[in-house]
Structures are given as structure tokens and as C-alpha cells.
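Student: Next comes the structure file protein.txt, holding compact mmCIF, C-alpha atoms.
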# COMPACT_ATOMS: atom_id res chain seq x y z
CA MET R 1 -40.28 -28.36 100.59
CA THR R 2 -41.45 -29.08 97.04
CA ALA R 3 -41.80 -25.41 96.23
CA THR R 4 -38.36 -24.70 97.68
CA GLY R 5 -36.85 -27.56 95.71
CA GLY R 6 -38.45 -26.27 92.52
CA GLU R 7 -37.09 -22.78 93.16
CA ASP R 8 -33.61 -24.21 93.78
CA ARG R 9 -33.71 -26.14 90.50
CA ALA R 10 -34.87 -23.03 88.64
CA ILE R 11 -32.03 -21.02 90.16
CA ARG R 12 -29.48 -23.70 89.22
CA ARG R 13 -30.80 -23.80 85.65
CA ALA R 14 -30.56 -20.00 85.42
CA VAL R 15 -26.99 -20.08 86.76
CA ARG R 16 -26.02 -22.79 84.24
CA ARG R 17 -27.55 -20.82 81.38
CA ARG R 18 -25.72 -17.69 82.49
CA SER R 19 -22.43 -19.61 82.84
CA ARG R 20 -22.80 -20.85 79.25
CA LEU R 21 -23.49 -17.37 77.86
CA PRO R 22 -19.82 -16.24 77.66
CA THR R 23 -18.92 -19.46 75.83
CA ILE R 24 -21.76 -19.04 73.35
CA LEU R 25 -20.87 -15.40 72.71
CA GLY R 26 -17.19 -16.25 72.40
CA VAL R 27 -17.91 -18.96 69.83
CA ALA R 28 -20.13 -16.53 67.89
CA GLY R 29 -17.32 -13.96 67.92
CA LEU R 30 -14.80 -16.54 66.74
CA VAL R 31 -17.08 -17.55 63.87
CA ILE R 32 -17.51 -13.92 62.77
CA VAL R 33 -13.81 -13.11 63.02
CA GLY R 34 -12.81 -16.40 61.43
CA ALA R 35 -15.08 -15.76 58.43
CA LEU R 36 -13.63 -12.27 57.97
CA VAL R 37 -10.05 -13.52 58.27
CA VAL R 38 -10.69 -16.27 55.70
CA THR R 39 -12.19 -13.66 53.38
CA ALA R 40 -9.12 -11.45 53.78
CA VAL R 41 -6.62 -14.27 53.27
CA PHE R 42 -8.34 -15.69 50.20
CA ALA R 43 -9.42 -12.34 48.73
CA PRO R 44 -7.62 -12.90 45.37
CA TRP R 45 -9.63 -16.10 44.86
CA LEU R 46 -12.95 -14.87 46.29
CA ALA R 47 -13.10 -11.50 44.53
CA PRO R 48 -14.64 -11.81 41.05
CA TYR R 49 -12.58 -8.89 39.64
CA ASP R 50 -9.47 -6.85 40.27
CA PRO R 51 -10.66 -3.98 42.49
CA THR R 52 -8.28 -1.50 40.82
CA GLU R 53 -9.47 -2.13 37.24
CA ARG R 54 -12.39 -0.47 35.52
CA ILE R 55 -14.57 -3.32 34.39
CA ALA R 56 -17.99 -1.75 33.69
CA ARG R 57 -19.98 1.48 33.45
CA PRO R 58 -19.96 3.70 36.57
CA PHE R 59 -22.89 3.52 38.99
CA LEU R 60 -24.23 0.22 37.73
CA PHE R 61 -27.07 -1.22 39.78
CA PRO R 62 -26.50 -4.62 41.44
CA SER R 63 -26.86 -7.52 39.03
CA ALA R 64 -25.86 -11.16 38.70
CA GLU R 65 -22.56 -10.08 37.14
CA HIS R 66 -21.90 -7.38 39.76
CA PRO R 67 -23.77 -8.28 42.99
CA LEU R 68 -23.03 -4.88 44.58
CA GLY R 69 -22.89 -2.83 41.43
CA THR R 70 -20.03 -0.51 40.54
CA ASN R 71 -18.69 2.74 41.92
CA ASP R 72 -18.22 6.11 40.22
CA VAL R 73 -15.26 4.91 38.10
CA GLY R 74 -16.57 1.46 37.23
CA HIS R 75 -14.79 -0.64 39.86
CA ASP R 76 -16.66 -3.71 41.09
CA LEU R 77 -17.76 -2.87 44.63
CA LEU R 78 -17.92 -6.46 45.85
CA SER R 79 -14.29 -7.01 44.87
CA GLU R 80 -13.31 -3.70 46.48
CA ILE R 81 -14.98 -4.66 49.76
CA ILE R 82 -13.47 -8.15 49.77
CA PHE R 83 -9.96 -6.75 49.26
CA GLY R 84 -10.73 -3.96 51.74
CA SER R 85 -11.06 -6.55 54.50
CA ARG R 86 -7.30 -7.14 54.20
CA VAL R 87 -6.35 -3.55 55.01
CA SER R 88 -9.00 -3.01 57.69
CA LEU R 89 -8.14 -6.19 59.60
CA MET R 90 -4.40 -5.71 59.13
CA VAL R 91 -4.52 -2.18 60.52
CA GLY R 92 -6.59 -3.38 63.47
CA LEU R 93 -4.25 -6.26 64.31
CA VAL R 94 -0.97 -4.37 63.85
CA ALA R 95 -2.15 -1.22 65.66
CA ALA R 96 -3.42 -3.35 68.55
CA THR R 97 -0.05 -5.15 68.67
CA VAL R 98 1.78 -1.81 68.88
CA ALA R 99 -0.57 -0.65 71.63
CA LEU R 100 -0.20 -3.91 73.55
CA LEU R 101 3.61 -3.85 73.40
CA ILE R 102 3.73 -0.28 74.72
CA GLY R 103 0.95 -0.83 77.24
CA THR R 104 2.40 -4.08 78.59
CA THR R 105 5.89 -2.59 78.95
CA VAL R 106 4.62 0.51 80.73
CA GLY R 107 2.15 -1.45 82.87
CA VAL R 108 4.71 -4.05 84.01
CA ILE R 109 7.38 -1.45 84.84
CA ALA R 110 4.90 0.86 86.59
CA GLY R 111 3.46 -2.04 88.62
CA TYR R 112 6.80 -3.60 89.58
CA TYR R 113 8.36 -0.25 90.53
CA PRO R 114 5.28 1.52 91.90
CA LYS R 115 6.99 4.42 93.63
CA ARG R 116 8.90 7.09 91.74
CA LEU R 117 9.25 5.42 88.33
CA GLY R 118 5.80 3.87 88.38
CA SER R 119 4.19 7.10 89.54
CA THR R 120 5.87 9.05 86.76
CA LEU R 121 4.79 6.55 84.12
CA MET R 122 1.20 6.53 85.35
CA ARG R 123 1.04 10.32 85.20
CA GLY R 124 1.86 9.96 81.52
CA VAL R 125 -0.91 7.37 81.19
CA ASP R 126 -3.34 9.77 82.90
CA VAL R 127 -2.40 12.52 80.44
CA ILE R 128 -3.11 10.24 77.47
CA LEU R 129 -6.46 9.18 78.96
CA ILE R 130 -7.73 12.70 79.71
CA LEU R 131 -6.78 14.25 76.38
CA PRO R 132 -9.68 14.66 73.91
CA PHE R 133 -9.17 11.48 71.95
CA LEU R 134 -10.80 12.06 68.56
CA PRO R 135 -9.47 15.61 67.97
CA LEU R 136 -5.96 14.45 68.92
CA LEU R 137 -6.27 11.47 66.58
CA ILE R 138 -7.33 13.71 63.70
CA VAL R 139 -4.58 16.27 64.35
CA LEU R 140 -1.83 13.63 64.52
CA ALA R 141 -3.08 11.85 61.41
CA ALA R 142 -3.23 15.12 59.48
CA TYR R 143 0.22 16.19 60.69
CA LEU R 144 1.99 12.90 59.95
CA GLY R 145 0.43 12.47 56.52
CA ARG R 146 -1.80 10.00 54.73
CA SER R 147 -0.15 6.60 54.71
CA LEU R 148 -0.94 3.16 56.05
CA LEU R 149 2.10 3.17 58.36
CA ASN R 150 1.14 6.53 59.85
CA THR R 151 -2.42 5.34 60.41
CA ILE R 152 -1.16 2.28 62.31
CA LEU R 153 1.29 4.34 64.40
CA VAL R 154 -1.25 7.03 65.28
CA ILE R 155 -3.85 4.50 66.41
CA GLY R 156 -1.33 2.35 68.28
CA LEU R 157 0.20 5.34 70.07
CA LEU R 158 -3.18 6.56 71.28
CA ILE R 159 -4.82 3.34 72.54
CA TRP R 160 -2.01 1.88 74.67
CA ALA R 161 -2.90 3.73 77.87
CA GLU R 162 -5.91 1.62 78.85
CA PRO R 163 -4.03 -1.73 78.56
CA ALA R 164 -1.18 -0.18 80.56
CA ARG R 165 -3.50 0.73 83.44
CA ILE R 166 -5.17 -2.71 83.44
CA ILE R 167 -1.88 -4.62 83.40
CA ARG R 168 -0.34 -2.38 86.07
CA SER R 169 -3.14 -3.26 88.49
CA GLN R 170 -2.44 -6.96 87.91
CA VAL R 171 1.32 -6.52 88.40
CA LEU R 172 0.75 -4.63 91.68
CA SER R 173 -1.02 -7.74 92.95
CA LEU R 174 1.57 -10.16 91.58
CA ARG R 175 4.63 -8.39 93.02
CA SER R 176 3.45 -9.18 96.58
CA ARG R 177 2.95 -12.92 95.93
CA GLU R 178 5.16 -15.38 97.82
CA TYR R 179 7.00 -16.75 94.80
CA VAL R 180 7.96 -13.23 93.70
CA LEU R 181 9.08 -12.27 97.20
CA ALA R 182 11.03 -15.53 97.46
CA ALA R 183 12.80 -14.91 94.17
CA ARG R 184 13.74 -11.38 95.22
CA SER R 185 14.95 -12.52 98.65
CA MET R 186 17.22 -15.10 96.96
CA GLY R 187 18.86 -12.32 94.97
CA ALA R 188 17.24 -12.98 91.60
CA PRO R 189 17.64 -10.00 89.23
CA ASP R 190 14.52 -7.94 88.66
CA ARG R 191 14.62 -8.62 84.93
CA TRP R 192 14.60 -12.40 85.55
CA THR R 193 11.78 -12.12 88.08
CA ILE R 194 9.68 -10.01 85.73
CA LEU R 195 10.19 -12.30 82.74
CA ARG R 196 9.82 -15.53 84.75
CA HIS R 197 7.02 -14.72 87.20
CA ILE R 198 5.26 -11.50 86.20
CA VAL R 199 4.89 -11.38 82.41
CA PRO R 200 3.54 -14.96 81.95
CA ARG R 201 0.81 -14.30 84.53
CA THR R 202 -0.35 -11.18 82.73
CA ALA R 203 -0.65 -12.96 79.37
CA LEU R 204 -4.35 -13.80 79.65
CA LEU R 205 -5.20 -10.27 80.76
CA ALA R 206 -3.08 -8.87 77.95
CA THR R 207 -4.89 -11.11 75.45
CA GLY R 208 -8.23 -9.66 76.48
CA SER R 209 -6.85 -6.13 76.16
CA PHE R 210 -5.43 -7.00 72.73
CA VAL R 211 -8.78 -8.24 71.41
CA ARG R 212 -10.54 -5.10 72.67
CA ALA R 213 -7.83 -2.97 71.08
CA VAL R 214 -8.31 -4.69 67.71
CA SER R 215 -12.02 -3.87 67.80
CA GLY R 216 -11.31 -0.22 68.58
CA ALA R 217 -8.51 0.06 66.02
CA ILE R 218 -10.77 -1.18 63.19
CA LEU R 219 -13.32 1.48 64.05
CA LEU R 220 -10.65 4.18 64.28
CA GLU R 221 -9.13 3.23 60.91
CA ALA R 222 -12.57 3.43 59.33
CA ALA R 223 -13.16 6.83 60.95
CA LEU R 224 -9.83 8.24 59.74
CA SER R 225 -10.32 6.88 56.22
CA PHE R 226 -13.88 8.23 56.11
CA LEU R 227 -12.54 11.68 57.03
CA GLY R 228 -9.99 11.45 54.21
CA LEU R 229 -7.00 10.96 56.54
CA GLY R 230 -6.23 7.36 55.59
CA ASP R 231 -4.00 6.06 52.84
CA PRO R 232 -5.66 7.14 49.55
CA ILE R 233 -4.03 4.27 47.64
CA GLN R 234 -5.08 1.37 49.86
CA LYS R 235 -8.54 -0.18 49.60
CA SER R 236 -10.27 -0.50 52.95
CA TRP R 237 -13.82 -0.43 54.24
CA GLY R 238 -13.28 3.11 55.50
CA SER R 239 -11.88 4.34 52.19
CA THR R 240 -14.88 2.83 50.39
CA LEU R 241 -17.14 4.92 52.63
CA TYR R 242 -14.96 7.98 52.01
CA TRP R 243 -15.30 7.74 48.23
CA ALA R 244 -19.01 7.03 48.57
CA GLN R 245 -19.41 10.22 50.58
CA THR R 246 -17.18 12.23 48.23
CA ARG R 247 -19.08 11.11 45.13
CA GLY R 248 -22.49 11.79 46.67
CA ALA R 249 -23.61 8.18 47.06
CA PHE R 250 -25.37 9.04 50.33
CA LEU R 251 -27.85 11.16 48.37
CA THR R 252 -28.65 8.55 45.71
CA PRO R 253 -29.99 4.97 45.73
CA ALA R 254 -26.34 3.84 45.45
CA TRP R 255 -26.03 4.07 49.26
CA LYS R 256 -27.79 0.72 49.52
CA TRP R 257 -24.95 -1.17 47.84
CA TRP R 258 -22.04 1.29 48.19
CA VAL R 259 -22.44 2.51 51.79
CA LEU R 260 -24.40 -0.18 53.62
CA PRO R 261 -22.18 -3.27 52.98
CA PRO R 262 -18.84 -1.77 54.20
CA GLY R 263 -20.62 -0.13 57.13
CA LEU R 264 -22.17 -3.45 58.15
CA LEU R 265 -18.81 -5.22 57.82
CA ILE R 266 -17.10 -2.63 60.05
CA MET R 267 -19.83 -3.15 62.64
CA LEU R 268 -19.62 -6.94 62.27
CA ALA R 269 -15.82 -7.03 62.69
CA SER R 270 -16.00 -4.80 65.76
CA LEU R 271 -18.81 -6.93 67.20
CA GLY R 272 -16.90 -10.17 66.60
CA PHE R 273 -13.80 -8.99 68.46
CA ALA R 274 -15.96 -7.44 71.20
CA LEU R 275 -17.73 -10.78 71.79
CA ILE R 276 -14.40 -12.58 72.03
CA ALA R 277 -13.15 -9.95 74.49
CA PHE R 278 -16.31 -10.33 76.59
CA SER R 279 -15.87 -14.10 76.75
CA LEU R 280 -12.21 -13.73 77.75
CA GLU R 281 -13.06 -11.19 80.45
CA GLU R 282 -15.61 -13.57 81.97
CA ARG R 283 -12.93 -16.26 82.20
CA ILE R 284 -10.25 -13.89 83.47
CA ASN R 285 -12.52 -12.50 86.17
CA PRO R 286 -15.41 -14.89 86.96
CA ARG R 287 -16.89 -12.32 89.38
CA LEU R 288 -18.10 -10.41 86.31
What does the file become when written as C-alpha cells?

Tutor:
Amino acid sequence: MTATGGEDRAIRRAVRRRSRLPTILGVAGLVIVGALVVTAVFAPWLAPYDPTERIARPFLFPSAEHPLGTNDVGHDLLSEIIFGSRVSLMVGLVAATVALLIGTTVGVIAGYYPKRLGSTLMRGVDVILILPFLPLLIVLAAYLGRSLLNTILVIGLLIWAEPARIIRSQVLSLRSREYVLAARSMGAPDRWTILRHIVPRTALLATGSFVRAVSGAILLEAALSFLGLGDPIQKSWGSTLYWAQTRGAFLTPAWKWWVLPPGLLIMLASLGFALIAFSLEERINPRL
């Protein structure tokens, strides 16, 4: 009996620790994202120099005056990275918003009208999901041109399919609930039923999809900018890596302060949003 009681207590402690894990990871993600957002908002006050002005000799080593040194034209790299957080986070948030709006609209309509209209819409979703993603992203970005707006549109238009599929599965379950059937039997218009009963109950699921989309969009913006397909005027973490690669920083000691910091920040931003998404998914679906 004693041994069994001890095993039961150990199991309960393990369950409690595991139940706290999503909360701990979610808080860690919020701290990371919050720090990056504060940096982006207060960039003019945090950056020691104007990132567009030449303030020292090119390729200066890190020093007390320039903690990350300078690039090939004498711009302060710390200031460039601080201001770059604005563009990288903005592209991630706006592109994810575009993807969520499209994905939610398609998912709700396809789930509420699952026969002909829903089937047609989901075939379009399947086409987007099976296409080779990265080559299509590169081709569209090259065709539309190098601008911040085009980068946002390309990313948003290519990552909406997964949220659409997730939300559709939720709507398929909701449309058979009693309150939805009661509203339809009383003659309520479909638009009212969708806005009153369906959309609010997909909000939490959509929030999790949005956070995951932000993480992916930040990585995609960095990839496009690194390949030279981003906006050449805007400072972002990806464009910093692009110029480092173009100027040969990868082959010199400059990679330590020119390549490593923006790369770590891209990874950190993606990790922060991924941890938040993981915590939300655990709450949305406790069976996970």
C-alpha cells in the first residue's frame, strides 16, 4: 500500500509538472516577444546612431563606442539591427494578419457550406499546400518586384492555406451543434448565424494559427531578404544578412558581429512566437 501510494504521488507530481510546462513556455515566449516589441517601438531612443548615416570607418571591430562594429560603408551595426527589428516584426505581423483574414474567411465558408462550395474551396487549399513552397515564393517575389508591400503580400498569400484547413475542421464541428441548428430552424440568416455563433468560437483557434503564422512569416521575410528579393531600402534582419553575404563578411572575422547577431535575433523571434503558439495549442486542445 505504501509503495502504491508513493507511486501515485510521483505520478501526480509528474502530471502537475507537465501541466505547468505550457504555461512556463508561454510566459518565456511572451517575455522574448515583449522584449523584441519594446526594442522595435523604442528603436529611435535605444539605437546609439542613425542606421542610415556613415559614422565611422568601414569594418571597424567591436568597441565601447560601437558594440557590434561597423559594416562595409561605416554604418553602426547595432543601430542597424535595432531598427531592423521594426521591419522584421512588422512584416511578420502584417503578413500573418493577411493570411489569417484569408484563411478564416475560406475556412468558415468551406466548413459552413461543406458540399459544393466548400469542396471547391478546399481543392484550392489543397493546391496551395501541395505546390513547392519555397520555389513558388521566390518566383512570386521576383516577379512582383522588391518592395516591402510585395514581400508582405507574397508571404500572406502563400501561408493562408494551413489556417484555412484548421478552421474549417472546427466549423464542421460547430455547424452541427444544437444552438446553430436551433438558429437555422428559426429562420436566422446564414450570415447572422456565422457571425453570432461560428466566428466567435473559432477565435481562440485562429489566435493560435496567427501566432504560428507570425513565426513563419518572420523566417520567410529573412529568407527573401537574404536572397536579395526584399526591399533594398528598408533595414531588416534579413537585409543585414544579405549585405553581409554580398560584402564577403562570411569569409572574414566580421561574421561574428555582422552575421551572428541578426541570425540569433531571427531565431529568437521565431522561437518566442513558437512557444506562445505551443502554449495556446495546449489550452485549445488539452489532449495534446

Student: Tell me which protein, DNA and RNA residues are within 8 Å of stretch 21-31 of chain R, counting all atoms listed in the file, leaving out same-chain ones fewer than 2 positions away, and put them as a list in words.

Tutor: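 The residues satisfying every condition are Arg17, Arg18, Ser19, Val33, Gly34, Ala35, Leu271, Gly272, Phe273, Ala274, Leu275, Ile276, Ala277, Phe278, Ser279, Leu280 and Glu282 of chain R.
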
Student: Go ahead and write the residues just picked, C-alpha atoms, as a CSV table (one decimal), in the frame of the given file.

Tutor:
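part.csv written:
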chain,number,residue,atom,x,y,z
R,17,ARG,CA,-27.6,-20.8,81.4
R,18,ARG,CA,-25.7,-17.7,82.5
R,19,SER,CA,-22.4,-19.6,82.8
R,33,VAL,CA,-13.8,-13.1,63.0
R,34,GLY,CA,-12.8,-16.4,61.4
R,35,ALA,CA,-15.1,-15.8,58.4
R,271,LEU,CA,-18.8,-6.9,67.2
R,272,GLY,CA,-16.9,-10.2,66.6
R,273,PHE,CA,-13.8,-9.0,68.5
R,274,ALA,CA,-16.0,-7.4,71.2
R,275,LEU,CA,-17.7,-10.8,71.8
R,276,ILE,CA,-14.4,-12.6,72.0
R,277,ALA,CA,-13.2,-10.0,74.5
R,278,PHE,CA,-16.3,-10.3,76.6
R,279,SER,CA,-15.9,-14.1,76.8
R,280,LEU,CA,-12.2,-13.7,77.8
R,282,GLU,CA,-15.6,-13.6,82.0

Student: Measuring atom to atom with only C-alpha atoms, identify which of R:Leu241, R:Ile159, R:Leu174, R:Leu181 is nearest to R:Gly111.

Tutor: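 Using only C-alpha atoms, the shortest distance to R:Gly111 belongs to R:Leu174.
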
Student: Could you check which of R:Val91, R:Ile55, R:Val171, R:Val106 is closest to R:Gly216, using all atoms listed in the file?

Tutor: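 When distances to R:Gly216 are compared using all atoms listed in the file, the smallest one comes from R:Val91.
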
Student: Hey, could you pull the box centre and edge lengths for stretch 24-40 of chain R, axis-aligned, 5 Å padding per side, all listed atoms, to one decimal in Å, as lines of an AutoDock Vina configuration file?

Tutor:
center_x = -15.4
center_y = -15.2
center_z = 63.4
size_x = 22.6
size_y = 17.6
size_z = 30.0

Student: Each residue of stretch 83-197 of chain R with at least one atom at most 12 Å from stretch 43-47 of chain R should appear once, together with its nearest atom pair and the corresponding distance in Å (one decimal); atoms considered: only C-alpha atoms; ordering: chain, then increasing residue number; output as a tab-separated table.

Tutor:
residue	atom	partner	partner_atom	distance
R:Phe83	CA	R:Ala43	CA	5.6
R:Gly84	CA	R:Ala43	CA	9.0
R:Ser85	CA	R:Ala43	CA	8.3
R:Arg86	CA	R:Ala43	CA	7.8
R:Val87	CA	R:Ala43	CA	11.2

Student: Just how far from atom CA of R:Asp231 is atom CA of R:Arg146, in Å to one decimal?

Tutor: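 Result for atom CA of R:Arg146 versus atom CA of R:Asp231: 4.9 Å, one decimal.
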
Student: So the first atom is atom CA of R:His66 and the second is atom CA of R:Tyr49; what is the distance between them in Å, to one decimal place?

Tutor: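 Here the two named atoms are 9.4 Å from each other.
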
Student: So which residues touch R:Gly107 within 7 Å, counting all atoms listed in the file, skipping near sequence neighbours fewer than 3 positions away, as a PDB file with C-alpha atoms, in the frame of the given file?

Tutor:
ATOM      1  CA  GLY R 103       0.950  -0.830  77.240  1.00  0.00           C
ATOM      2  CA  THR R 104       2.400  -4.080  78.590  1.00  0.00           C
ATOM      3  CA  ALA R 110       4.900   0.860  86.590  1.00  0.00           C
ATOM      4  CA  GLY R 111       3.460  -2.040  88.620  1.00  0.00           C
ATOM      5  CA  ALA R 164      -1.180  -0.180  80.560  1.00  0.00           C
ATOM      6  CA  ARG R 165      -3.500   0.730  83.440  1.00  0.00           C
ATOM      7  CA  ILE R 167      -1.880  -4.620  83.400  1.00  0.00           C
ATOM      8  CA  ARG R 168      -0.340  -2.380  86.070  1.00  0.00           C
TER       9      ARG R 168
END

Student: Find the residues around R:Val259 up to 8 Å (only C-alpha atoms counted), leave out those fewer than 3 positions away in its own chain, and share them as a ChimeraX atom specification.

Tutor: /R:240-241,244,249-250,254-256,262-263

Student: One decimal, Å: what's the distance from atom CA of R:Ile152 over to atom CA of R:Gly92, could you say?

Tutor: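 It comes out at 7.9 Å.
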
Student: May I have the residues within 9 Å of R:Ile81 as number ranges by chain, using all atoms listed in the file and disregarding those fewer than 5 positions away in the same chain?

Tutor: R: 47, 51, 76, 235-237, 240, 261-262, 265

Student: Distance cut-off 10 Å, centre (-9.6, 11.2, 59.3) in file coordinates, counting only C-alpha atoms: which residues qualify? Return them as a list of chain:residue names.

Tutor: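 Final list of nearby residues, as requested, is R:Leu134, R:Pro135, R:Leu137, R:Ile138, R:Val139, R:Leu140, R:Ala141, R:Ala142, R:Arg146, R:Thr151, R:Leu220, R:Glu221, R:Ala222, R:Ala223, R:Leu224, R:Ser225, R:Phe226, R:Leu227, R:Gly228, R:Leu229, R:Gly230, R:Asp231, R:Gly238, R:Tyr242.
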
Student: Check the smallest atom-to-atom distance from each of R:Leu117, R:Pro48, R:Leu36, R:Gly208 to R:Leu268 using only C-alpha atoms, then report the winner.

Tutor: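 Among R:Leu117, R:Pro48, R:Leu36, R:Gly208, it is R:Leu36 that comes nearest to R:Leu268.
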
Student: Dump N, CA, C and O atoms of stretch 186-200 of chain R from the given block, as an mmCIF file, in the first residue's frame.

Tutor:
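Wrote part31.cif, looks like this:
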data_model
loop_
_atom_site.group_PDB
_atom_site.id
_atom_site.type_symbol
_atom_site.label_atom_id
_atom_site.label_comp_id
_atom_site.auth_asym_id
_atom_site.auth_seq_id
_atom_site.Cartn_x
_atom_site.Cartn_y
_atom_site.Cartn_z
ATOM 1 N N MET R 186 -35.038 28.386 -36.790
ATOM 2 C CA MET R 186 -35.876 29.555 -36.528
ATOM 3 C C MET R 186 -35.818 30.571 -37.664
ATOM 4 O O MET R 186 -36.413 31.644 -37.576
ATOM 5 N N GLY R 187 -35.087 30.242 -38.713
ATOM 6 C CA GLY R 187 -35.044 31.105 -39.882
ATOM 7 C C GLY R 187 -33.989 32.190 -39.840
ATOM 8 O O GLY R 187 -34.063 33.156 -40.618
ATOM 9 N N ALA R 188 -33.022 32.058 -38.953
ATOM 10 C CA ALA R 188 -31.959 33.066 -38.874
ATOM 11 C C ALA R 188 -31.127 33.029 -40.150
ATOM 12 O O ALA R 188 -30.801 31.939 -40.652
ATOM 13 N N PRO R 189 -30.761 34.167 -40.706
ATOM 14 C CA PRO R 189 -29.921 34.183 -41.914
ATOM 15 C C PRO R 189 -28.559 33.542 -41.634
ATOM 16 O O PRO R 189 -28.046 33.599 -40.521
ATOM 17 N N ASP R 190 -28.004 32.932 -42.667
ATOM 18 C CA ASP R 190 -26.703 32.282 -42.506
ATOM 19 C C ASP R 190 -25.629 33.271 -42.058
ATOM 20 O O ASP R 190 -24.785 32.930 -41.232
ATOM 21 N N ARG R 191 -25.664 34.486 -42.599
ATOM 22 C CA ARG R 191 -24.652 35.462 -42.224
ATOM 23 C C ARG R 191 -24.731 35.769 -40.734
ATOM 24 O O ARG R 191 -23.690 35.867 -40.049
ATOM 25 N N TRP R 192 -25.953 35.905 -40.188
ATOM 26 C CA TRP R 192 -26.106 36.183 -38.761
ATOM 27 C C TRP R 192 -25.621 34.997 -37.936
ATOM 28 O O TRP R 192 -24.949 35.174 -36.924
ATOM 29 N N THR R 193 -25.963 33.786 -38.359
ATOM 30 C CA THR R 193 -25.545 32.594 -37.623
ATOM 31 C C THR R 193 -24.031 32.464 -37.611
ATOM 32 O O THR R 193 -23.425 32.146 -36.581
ATOM 33 N N ILE R 194 -23.409 32.727 -38.747
ATOM 34 C CA ILE R 194 -21.949 32.625 -38.824
ATOM 35 C C ILE R 194 -21.283 33.654 -37.917
ATOM 36 O O ILE R 194 -20.373 33.325 -37.141
ATOM 37 N N LEU R 195 -21.746 34.905 -37.992
ATOM 38 C CA LEU R 195 -21.123 35.962 -37.204
ATOM 39 C C LEU R 195 -21.427 35.835 -35.711
ATOM 40 O O LEU R 195 -20.609 36.218 -34.872
ATOM 41 N N ARG R 196 -22.603 35.301 -35.389
ATOM 42 C CA ARG R 196 -23.021 35.224 -33.977
ATOM 43 C C ARG R 196 -22.529 33.955 -33.297
ATOM 44 O O ARG R 196 -22.125 33.986 -32.124
ATOM 45 N N HIS R 197 -22.549 32.834 -33.980
ATOM 46 C CA HIS R 197 -22.272 31.557 -33.332
ATOM 47 C C HIS R 197 -20.985 30.879 -33.797
ATOM 48 O O HIS R 197 -20.389 30.119 -33.020
ATOM 49 N N ILE R 198 -20.584 31.093 -35.031
ATOM 50 C CA ILE R 198 -19.442 30.350 -35.574
ATOM 51 C C ILE R 198 -18.122 31.095 -35.363
ATOM 52 O O ILE R 198 -17.183 30.564 -34.761
ATOM 53 N N VAL R 199 -18.053 32.327 -35.864
ATOM 54 C CA VAL R 199 -16.785 33.071 -35.834
ATOM 55 C C VAL R 199 -16.254 33.270 -34.412
ATOM 56 O O VAL R 199 -15.062 33.044 -34.166
ATOM 57 N N PRO R 200 -17.092 33.670 -33.414
ATOM 58 C CA PRO R 200 -16.532 33.848 -32.059
ATOM 59 C C PRO R 200 -15.928 32.572 -31.485
ATOM 60 O O PRO R 200 -14.967 32.651 -30.712
#
